[in-house]
$ cat start18.csv   # CSV, C-alpha atoms
chain,number,residue,atom,x,y,z
A,250,MET,CA,55.1,-3.6,-35.2
A,251,THR,CA,51.9,-3.0,-37.0
A,252,SER,CA,51.0,-6.7,-36.8
A,253,GLU,CA,51.8,-6.8,-33.1
A,254,ALA,CA,49.7,-3.7,-32.4
A,255,SER,CA,46.8,-5.2,-34.4
A,256,GLU,CA,47.0,-8.4,-32.4
A,257,ALA,CA,47.1,-6.5,-29.1
A,258,SER,CA,44.0,-4.5,-30.2
A,259,GLU,CA,42.1,-7.6,-31.1
A,260,ALA,CA,43.0,-9.2,-27.7
A,261,SER,CA,41.8,-6.1,-25.9
A,262,VAL,CA,38.5,-6.1,-27.8
A,263,THR,CA,38.0,-9.8,-27.0
A,264,VAL,CA,38.7,-9.2,-23.3
A,265,THR,CA,36.3,-6.3,-23.2
A,266,ALA,CA,33.6,-8.3,-25.0
A,267,LYS,CA,34.0,-11.2,-22.5
A,268,ALA,CA,33.7,-8.8,-19.6
A,269,THR,CA,30.5,-7.3,-21.0
A,270,VAL,CA,29.0,-10.7,-21.4
A,271,ALA,CA,30.0,-11.7,-17.9
A,272,ARG,CA,28.4,-8.5,-16.5
A,273,ARG,CA,25.2,-9.0,-18.4
A,274,SER,CA,24.9,-12.7,-17.4
A,275,ALA,CA,25.8,-12.0,-13.7
A,276,PRO,CA,22.2,-11.4,-12.5
A,277,THR,CA,21.0,-14.7,-13.9
A,278,ALA,CA,24.0,-16.7,-12.8
A,279,ARG,CA,23.4,-19.5,-10.4
A,280,GLY,CA,22.6,-18.2,-6.9
A,281,HIS,CA,21.6,-14.7,-8.1
A,282,ARG,CA,18.5,-13.1,-9.4
A,283,PRO,CA,17.3,-9.5,-10.2
A,284,ARG,CA,15.7,-7.5,-7.4
A,285,TRP,CA,12.2,-6.9,-8.5
A,286,ASN,CA,10.1,-4.3,-6.7
A,287,LYS,CA,7.0,-6.0,-5.0
A,288,VAL,CA,4.8,-2.9,-5.0
A,289,PRO,CA,3.4,-0.8,-7.9
A,290,GLU,CA,4.7,2.5,-9.3
A,291,VAL,CA,2.9,5.4,-7.7
A,292,THR,CA,0.6,6.7,-10.5
A,293,VAL,CA,-2.8,8.2,-10.6
A,294,TYR,CA,-4.1,4.6,-10.9
A,295,PHE,CA,-2.4,3.8,-7.6
A,296,TRP,CA,-4.2,6.6,-5.7
A,297,VAL,CA,-7.6,6.0,-7.3
A,298,ILE,CA,-7.5,2.3,-6.4
A,299,LYS,CA,-6.2,3.0,-3.0
A,300,VAL,CA,-9.1,5.3,-2.2
A,301,LEU,CA,-11.6,2.9,-3.6
A,302,CYS,CA,-10.1,0.0,-1.6
A,303,THR,CA,-10.4,2.3,1.5
A,304,THR,CA,-14.0,2.9,0.8
A,305,VAL,CA,-14.7,-0.8,0.3
A,306,GLY,CA,-12.9,-1.5,3.6
A,307,GLU,CA,-15.3,0.8,5.4
A,308,THR,CA,-18.5,-0.4,3.7
A,309,ALA,CA,-17.6,-4.1,3.5
A,310,ALA,CA,-16.8,-4.2,7.3
A,311,ASP,CA,-20.2,-2.6,8.0
A,312,LEU,CA,-21.9,-5.0,5.6
A,313,LEU,CA,-20.4,-8.2,7.1
A,314,ASN,CA,-20.8,-7.0,10.6
A,315,GLU,CA,-24.4,-5.8,10.3
A,316,LYS,CA,-26.0,-7.6,7.4
A,317,ALA,CA,-24.2,-11.0,7.4
A,318,GLY,CA,-24.8,-11.5,11.1
A,319,LEU,CA,-21.2,-12.5,11.8
A,320,GLY,CA,-20.6,-9.9,14.5
A,321,LEU,CA,-17.5,-7.8,14.9
A,322,THR,CA,-15.4,-10.7,16.3
A,323,GLY,CA,-16.5,-13.2,13.6
A,324,VAL,CA,-15.8,-10.8,10.8
A,325,SER,CA,-12.4,-9.9,12.3
A,326,LEU,CA,-11.4,-13.6,12.4
A,327,LEU,CA,-12.6,-14.3,8.9
A,328,MET,CA,-11.0,-11.3,7.3
A,329,SER,CA,-7.7,-11.8,9.2
A,330,ALA,CA,-7.6,-15.4,8.0
A,331,LEU,CA,-8.2,-14.4,4.4
A,332,LEU,CA,-5.6,-11.6,4.6
A,333,ALA,CA,-3.0,-14.1,6.0
A,334,VAL,CA,-3.6,-16.4,3.0
A,335,VAL,CA,-3.3,-13.6,0.5
A,336,LEU,CA,-0.2,-12.2,2.1
A,337,VAL,CA,1.5,-15.6,1.9
A,338,VAL,CA,0.8,-15.6,-1.8
A,339,GLN,CA,2.0,-12.0,-2.1
A,340,PHE,CA,5.3,-12.9,-0.3
A,341,ARG,CA,5.8,-15.9,-2.6
A,342,THR,CA,5.5,-14.0,-5.8
A,343,ALA,CA,8.8,-13.0,-7.4
A,344,ALA,CA,7.6,-9.5,-8.4
A,345,TYR,CA,4.6,-7.2,-8.3
A,346,ARG,CA,1.3,-8.8,-9.5
A,347,ALA,CA,-1.6,-6.4,-9.7
A,348,GLY,CA,-4.3,-8.9,-8.7
A,349,VAL,CA,-2.5,-10.3,-5.7
A,350,TYR,CA,-1.2,-6.9,-4.4
A,351,TRP,CA,-4.5,-5.1,-4.6
A,352,THR,CA,-6.4,-8.0,-3.1
A,353,ALA,CA,-4.1,-7.8,-0.2
A,354,VAL,CA,-4.7,-4.0,0.1
A,355,ALA,CA,-8.5,-4.5,-0.1
A,356,LEU,CA,-8.4,-7.1,2.7
A,357,ILE,CA,-5.9,-5.1,4.8
A,358,SER,CA,-8.2,-2.1,4.6
A,359,VAL,CA,-11.0,-4.2,6.1
A,360,VAL,CA,-8.8,-5.6,8.8
A,361,GLY,CA,-7.3,-2.2,9.7
A,362,THR,CA,-10.9,-0.9,10.0
A,363,LEU,CA,-11.9,-3.8,12.2
A,364,VAL,CA,-8.8,-3.4,14.5
A,365,SER,CA,-9.9,0.1,15.3
A,366,ASP,CA,-13.6,-0.8,15.6
A,367,ASN,CA,-12.8,-3.7,18.0
A,368,LEU,CA,-10.8,-1.4,20.3
A,369,THR,CA,-13.6,1.2,20.3
A,370,ASP,CA,-16.7,-1.0,20.3
A,371,ASN,CA,-15.7,-4.2,22.0
A,372,MET,CA,-13.0,-2.9,24.4
A,373,GLY,CA,-14.3,0.6,25.0
A,374,VAL,CA,-11.0,2.3,24.2
A,375,PRO,CA,-11.5,6.0,23.6
A,376,LEU,CA,-10.7,7.2,20.1
A,377,THR,CA,-8.2,9.7,21.4
A,378,VAL,CA,-6.2,6.8,23.0
A,379,SER,CA,-6.5,4.5,19.9
A,380,THR,CA,-5.5,7.2,17.6
A,381,THR,CA,-2.4,8.0,19.7
A,382,VAL,CA,-1.5,4.4,20.1
A,383,PHE,CA,-1.7,3.7,16.3
A,384,ALA,CA,0.3,6.8,15.6
A,385,VAL,CA,3.0,5.7,18.0
A,386,VAL,CA,3.1,2.1,16.7
A,387,LEU,CA,3.3,3.4,13.1
A,388,ALA,CA,6.2,5.6,14.1
A,389,ILE,CA,7.9,2.6,15.7
A,390,VAL,CA,7.5,0.6,12.4
A,391,PHE,CA,9.0,3.5,10.4
A,392,VAL,CA,11.9,3.9,12.8
A,393,ALA,CA,12.6,0.1,12.8
A,394,TRP,CA,12.3,0.0,9.0
A,395,HIS,CA,14.7,2.9,8.5
A,396,ARG,CA,17.3,1.6,10.9
A,397,SER,CA,17.2,-1.8,9.3
A,398,GLU,CA,17.1,-0.8,5.7
A,399,ARG,CA,18.2,2.9,5.7
A,400,THR,CA,15.2,3.8,3.5
A,401,LEU,CA,11.4,4.0,3.7
A,402,SER,CA,11.0,4.3,0.0
A,403,ILE,CA,8.4,2.1,-1.7
A,404,HIS,CA,10.6,2.0,-4.8
A,405,SER,CA,12.9,-0.6,-3.3
A,406,VAL,CA,10.5,-3.0,-1.6
A,407,ASP,CA,12.4,-6.0,-3.0
A,408,THR,CA,13.4,-8.2,-0.1
A,409,PRO,CA,11.2,-10.2,2.4
A,410,ARG,CA,12.3,-8.0,5.3
A,411,ARG,CA,11.5,-4.7,3.5
A,412,GLU,CA,8.1,-6.2,2.4
A,413,SER,CA,7.3,-7.2,6.0
A,414,PHE,CA,7.9,-3.6,7.1
A,415,TYR,CA,5.9,-2.3,4.2
A,416,TRP,CA,2.8,-4.4,5.0
A,417,LEU,CA,3.0,-3.6,8.7
A,418,ALA,CA,3.1,0.1,7.8
A,419,VAL,CA,0.1,-0.3,5.5
A,420,LEU,CA,-1.9,-2.1,8.2
A,421,PHE,CA,-1.3,0.6,10.8
A,422,THR,CA,-1.9,3.5,8.3
A,423,PHE,CA,-5.4,2.0,7.8
A,424,ALA,CA,-5.9,1.5,11.6
A,425,LEU,CA,-4.7,5.0,12.3
A,426,GLY,CA,-6.7,6.5,9.5
A,427,THR,CA,-9.9,4.8,10.8
A,428,ALA,CA,-9.4,6.0,14.3
A,429,ALA,CA,-8.4,9.5,13.4
A,430,GLY,CA,-11.3,9.8,10.9
A,431,ASP,CA,-13.8,8.6,13.5
A,432,LEU,CA,-12.3,11.0,16.1
A,433,VAL,CA,-12.7,14.0,13.8
A,434,ALA,CA,-16.2,13.0,12.8
A,435,GLU,CA,-17.2,12.4,16.4
A,436,ARG,CA,-15.6,15.5,17.9
A,437,LEU,CA,-16.4,18.0,15.2
A,438,ALA,CA,-19.7,16.4,14.0
A,439,LEU,CA,-19.0,17.7,10.5
A,440,GLY,CA,-21.1,15.2,8.6
A,441,TYR,CA,-19.9,12.8,6.0
A,442,TRP,CA,-19.4,15.0,2.9
A,443,VAL,CA,-17.9,17.8,4.9
A,444,SER,CA,-15.4,15.4,6.5
A,445,ALA,CA,-14.5,14.0,3.1
A,446,ALA,CA,-13.9,17.5,1.8
A,447,LEU,CA,-11.8,18.3,4.9
A,448,PHE,CA,-9.5,15.3,4.3
A,449,ALA,CA,-9.4,16.0,0.6
A,450,VAL,CA,-8.0,19.5,1.4
A,451,ALA,CA,-5.5,17.9,3.7
A,452,ILE,CA,-4.4,15.5,0.9
A,453,ALA,CA,-4.1,18.4,-1.5
A,454,ALA,CA,-2.0,20.3,1.1
A,455,ALA,CA,0.4,17.3,1.3
A,456,ALA,CA,0.6,17.2,-2.5
A,457,ALA,CA,1.3,20.9,-2.7
A,458,ALA,CA,4.0,20.7,0.0
A,459,ARG,CA,5.7,18.0,-2.1
A,460,PHE,CA,5.5,19.4,-5.6
A,461,ALA,CA,5.4,23.2,-4.9
A,462,LEU,CA,7.6,23.4,-1.8
A,463,GLY,CA,9.9,20.4,-2.4
A,464,ALA,CA,8.9,18.5,0.8
A,465,ASN,CA,10.4,15.0,1.3
A,466,ALA,CA,8.9,12.6,-1.2
A,467,VAL,CA,8.8,9.6,1.1
A,468,TRP,CA,7.1,11.4,4.0
A,469,SER,CA,4.7,13.2,1.7
A,470,PHE,CA,3.7,9.8,0.3
A,471,TRP,CA,3.0,8.2,3.7
A,472,ILE,CA,1.2,11.3,5.0
A,473,ALA,CA,-1.1,11.1,1.9
A,474,TYR,CA,-1.4,7.4,2.4
A,475,VAL,CA,-2.8,7.8,5.9
A,476,LEU,CA,-5.1,10.7,4.9
A,477,THR,CA,-6.7,8.7,2.1
A,478,ARG,CA,-8.1,6.3,4.7
A,479,PRO,CA,-10.5,8.7,6.4
A,480,PHE,CA,-11.2,10.4,3.1
A,481,GLY,CA,-12.3,7.1,1.5
A,482,ALA,CA,-14.2,6.1,4.6
A,483,SER,CA,-16.1,9.4,4.8
A,484,THR,CA,-17.0,9.0,1.1
A,485,GLY,CA,-18.2,5.5,1.6
A,486,ASP,CA,-20.3,6.5,4.6
A,487,TYR,CA,-21.8,9.4,2.7
A,488,LEU,CA,-22.9,7.1,-0.1
A,489,SER,CA,-24.1,4.2,2.0
A,490,GLN,CA,-25.6,5.7,5.1
A,491,PRO,CA,-29.4,6.5,5.3
A,492,THR,CA,-30.5,10.0,4.2
A,493,GLY,CA,-31.7,10.6,7.8
A,494,ASP,CA,-28.1,10.3,9.0
A,495,GLY,CA,-26.7,12.6,6.4
A,496,GLY,CA,-25.9,10.0,3.7
A,497,LEU,CA,-27.3,9.3,0.2
A,498,GLY,CA,-28.9,6.0,1.3
A,499,LEU,CA,-27.4,3.7,-1.3
A,500,GLY,CA,-26.7,1.1,1.3
A,501,THR,CA,-23.6,-0.9,2.1
A,502,VAL,CA,-24.4,-3.6,-0.5
A,503,VAL,CA,-24.7,-1.3,-3.5
A,504,THR,CA,-21.8,0.9,-2.4
A,505,SER,CA,-19.5,-2.1,-1.9
A,506,VAL,CA,-20.4,-3.8,-5.2
A,507,LEU,CA,-20.1,-0.5,-7.1
A,508,PHE,CA,-16.6,0.3,-5.8
A,509,LEU,CA,-15.4,-3.3,-6.0
A,510,ALA,CA,-16.5,-3.4,-9.7
A,511,VAL,CA,-14.5,-0.3,-10.4
A,512,VAL,CA,-11.5,-1.6,-8.5
A,513,LEU,CA,-11.7,-4.9,-10.4
A,514,GLY,CA,-11.8,-3.1,-13.8
A,515,LEU,CA,-8.8,-1.0,-13.0
A,516,VAL,CA,-6.8,-3.9,-11.6
A,517,VAL,CA,-7.5,-6.0,-14.7
A,518,PHE,CA,-6.5,-3.0,-16.9
A,519,LEU,CA,-3.2,-2.7,-15.0
A,520,ALA,CA,-2.5,-6.4,-15.1
A,521,VAL,CA,-2.9,-6.3,-18.9
A,522,THR,CA,-1.1,-3.1,-19.7
A,523,ARG,CA,1.5,-3.3,-16.8
A,524,LYS,CA,1.5,0.5,-16.7
A,525,ASP,CA,2.4,0.4,-13.0
A,526,VAL,CA,5.2,-2.2,-13.1
A,527,THR,CA,8.7,-1.1,-12.2
A,528,GLY,CA,11.8,-2.9,-13.6
A,529,PRO,CA,14.2,-4.9,-11.6
A,530,GLU,CA,17.2,-3.4,-9.7
A,531,PRO,CA,20.4,-3.9,-11.8
A,532,ILE,CA,22.2,-5.3,-8.7
A,533,ALA,CA,22.1,-9.0,-8.2
A,534,ARG,CA,21.9,-10.5,-4.7
A,535,THR,CA,22.8,-13.9,-3.3
A,536,GLU,CA,19.9,-16.2,-2.5

$ encode --input "start18.csv" --output "structure tokens"
Amino acid sequence: MTSEASEASEASVTVTAKATVARRSAPTARGHRPRWNKVPEVTVYFWVIKVLCTTVGETAADLLNEKAGLGLTGVSLLMSALLAVVLVVQFRTAAYRAGVYWTAVALISVVGTLVSDNLTDNMGVPLTVSTTVFAVVLAIVFVAWHRSERTLSIHSVDTPRRESFYWLAVLFTFALGTAAGDLVAERLALGYWVSAALFAVAIAAAAAARFALGANAVWSFWIAYVLTRPFGASTGDYLSQPTGDGGLGLGTVVTSVLFLAVVLGLVVFLAVTRKDVTGPEPIARTE
């Protein structure tokens, strides 16, 4: 009886070991792969680079439009083409890559700014109308995203469909932030640094609602994401615009180069340290 019990125990251990190996090898089995998140972890680096990209989007759009002589339409076509190329690369990557991702964000910040500027300057659409339209379109994107995926979380942007919704949302947050920021600046005439301070307070309020009052994490994130656009734009305008217009007079060239250098340094740092990389989902999916 003792021998039979021992053999049964050994057989049980063998079966358990085989099952464990099978589970561990399942994600790499043929036709399956881990689900890697395609966007970075939300850290302080994320918000710093996002604001800097937003500032670059404002100053670079002004630089190309006014100094390079391309005109608003020419700049829009050029930057949209570049964005399309980078997004193709982004979608083809298997996981988050800091250089590719943040290049896409920098370009989409420019394109989002240009979308709003084209409606206002070329088509004469009032800022009240464009702000409302962008808010409605962004809401539609969020509703479609949630109905399709049952989540708006950026912690699970791990399929092409979810990534498509994500980049659509990012584009319209930039467009909405541009229009809303211009509307506030135009209607209230607060000046650049006061506008920046106002949006900084709004961002702080969103953060306080999240961490002190327990507000929904997803909605707090997207509200802050929208607000960082006018905050960054007001900061960029304050640094680049002439002193006679209420700025510091650094110019769009100096401001753009300065902020791009900081962005590049931070992105290289993250690419090396991988501090903002999230691991793959443990659930495999069929290709």

$ residues_around --input "start18.csv" --residues "region 335-339 of chain A" --least-positions-apart "6" --cutoff "8 Å" --atoms "all atoms listed in the file" --output "list in words"
Val349, Tyr350, Thr352 and Ala353 of chain A

$ residues_around --input "start18.csv" --residues "Ala453 (chain A)" --least-positions-apart "2" --cutoff "12 Å" --atoms "only C-alpha atoms" --output "PyMOL selection string"
chain A and resi 446-451+455-461+469-470+472-474+476-477+480

$ write_last_selection --input "start18.csv" --atoms "C-alpha atoms" --output "PDB file, keeping the file's coordinate frame"
ATOM      1  CA  ALA A 446     -13.900  17.500   1.800  1.00  0.00           C
ATOM      2  CA  LEU A 447     -11.800  18.300   4.900  1.00  0.00           C
ATOM      3  CA  PHE A 448      -9.500  15.300   4.300  1.00  0.00           C
ATOM      4  CA  ALA A 449      -9.400  16.000   0.600  1.00  0.00           C
ATOM      5  CA  VAL A 450      -8.000  19.500   1.400  1.00  0.00           C
ATOM      6  CA  ALA A 451      -5.500  17.900   3.700  1.00  0.00           C
ATOM      7  CA  ALA A 455       0.400  17.300   1.300  1.00  0.00           C
ATOM      8  CA  ALA A 456       0.600  17.200  -2.500  1.00  0.00           C
ATOM      9  CA  ALA A 457       1.300  20.900  -2.700  1.00  0.00           C
ATOM     10  CA  ALA A 458       4.000  20.700   0.000  1.00  0.00           C
ATOM     11  CA  ARG A 459       5.700  18.000  -2.100  1.00  0.00           C
ATOM     12  CA  PHE A 460       5.500  19.400  -5.600  1.00  0.00           C
ATOM     13  CA  ALA A 461       5.400  23.200  -4.900  1.00  0.00           C
ATOM     14  CA  SER A 469       4.700  13.200   1.700  1.00  0.00           C
ATOM     15  CA  PHE A 470       3.700   9.800   0.300  1.00  0.00           C
ATOM     16  CA  ILE A 472       1.200  11.300   5.000  1.00  0.00           C
ATOM     17  CA  ALA A 473      -1.100  11.100   1.900  1.00  0.00           C
ATOM     18  CA  TYR A 474      -1.400   7.400   2.400  1.00  0.00           C
ATOM     19  CA  LEU A 476      -5.100  10.700   4.900  1.00  0.00           C
ATOM     20  CA  THR A 477      -6.700   8.700   2.100  1.00  0.00           C
ATOM     21  CA  PHE A 480     -11.200  10.400   3.100  1.00  0.00           C
TER      22      PHE A 480
END

$ atom_distance --input "start18.csv" --atom1 "CA of Ser379 (chain A)" --atom2 "CA of Gly361 (chain A)"
12.2 Å

$ residues_near_point --input "start18.csv" --point "(-16.5, 11.3, -1.6)" --cutoff "9 Å" --atoms "all atoms listed in the file" --output "NGL selection string"
:A and (441-442 or 445-446 or 449 or 480-488)

$ closest_residue --input "start18.csv" --among "A:Val324, A:Val293, A:Ala466, A:Ala343" --to "Ser402 (chain A)" --atoms "all atoms listed in the file"
A:Ala466

$ closest_residue --input "start18.csv" --among "A:Arg341, A:Arg478, A:Arg346, A:His404" --to "Asn286 (chain A)" --atoms "all atoms listed in the file"
A:His404

$ atom_distance --input "start18.csv" --atom1 "CA of Trp351 (chain A)" --atom2 "CA of Val443 (chain A)"
28.2 Å

$ atom_distance --input "start18.csv" --atom1 "CA of Val506 (chain A)" --atom2 "CA of Ser489 (chain A)"
11.4 Å

$ closest_residue --input "start18.csv" --among "A:Phe421, A:Tyr294, A:Phe383, A:Phe391" --to "Ile357 (chain A)" --atoms "all atoms listed in the file"
A:Phe421

$ closest_residue --input "start18.csv" --among "A:Leu462, A:Ala344, A:Ala309, A:Val386" --to "Val526 (chain A)" --atoms "only C-alpha atoms"
A:Ala344

$ closest_residue --input "start18.csv" --among "A:Ser413, A:Asn367, A:Thr400, A:Ser405" --to "Trp285 (chain A)" --atoms "only C-alpha atoms"
A:Ser405

$ closest_residue --input "start18.csv" --among "A:Gly306, A:Gly373, A:Gly323, A:Gly348" --to "Phe518 (chain A)" --atoms "only C-alpha atoms"
A:Gly348

$ decode --input "start18.csv" --residues "region 498-534 of chain A" --atoms "C-alpha atoms" --output "tab-separated table (two decimals), in the first residue's frame"
chain	number	residue	atom	x	y	z
A	498	GLY	CA	10.29	87.60	-26.55
A	499	LEU	CA	12.38	84.42	-26.88
A	500	GLY	CA	10.89	83.72	-30.28
A	501	THR	CA	9.40	80.55	-31.72
A	502	VAL	CA	12.78	79.20	-32.90
A	503	VAL	CA	14.50	79.40	-29.51
A	504	THR	CA	11.44	78.15	-27.64
A	505	SER	CA	10.88	75.21	-30.00
A	506	VAL	CA	14.55	74.16	-29.97
A	507	LEU	CA	14.77	74.49	-26.18
A	508	PHE	CA	11.70	72.38	-25.49
A	509	LEU	CA	12.57	69.82	-28.16
A	510	ALA	CA	16.00	69.38	-26.59
A	511	VAL	CA	14.44	68.69	-23.19
A	512	VAL	CA	11.91	66.28	-24.72
A	513	LEU	CA	14.68	64.45	-26.58
A	514	GLY	CA	16.76	64.12	-23.42
A	515	LEU	CA	13.84	62.72	-21.42
A	516	VAL	CA	12.80	60.31	-24.17
A	517	VAL	CA	16.36	58.97	-24.50
A	518	PHE	CA	16.46	58.56	-20.71
A	519	LEU	CA	13.21	56.59	-20.74
A	520	ALA	CA	14.28	54.50	-23.71
A	521	VAL	CA	17.42	53.46	-21.82
A	522	THR	CA	15.98	53.02	-18.32
A	523	ARG	CA	12.53	51.76	-19.42
A	524	LYS	CA	11.04	53.33	-16.30
A	525	ASP	CA	7.68	53.85	-18.02
A	526	VAL	CA	7.30	50.42	-19.62
A	527	THR	CA	4.47	48.20	-18.45
A	528	GLY	CA	4.64	44.43	-18.68
A	529	PRO	CA	2.50	42.24	-20.94
A	530	GLU	CA	-0.95	41.02	-20.01
A	531	PRO	CA	-0.74	37.40	-18.78
A	532	ILE	CA	-3.63	36.42	-21.08
A	533	ALA	CA	-2.69	35.21	-24.54
A	534	ARG	CA	-4.79	36.01	-27.58
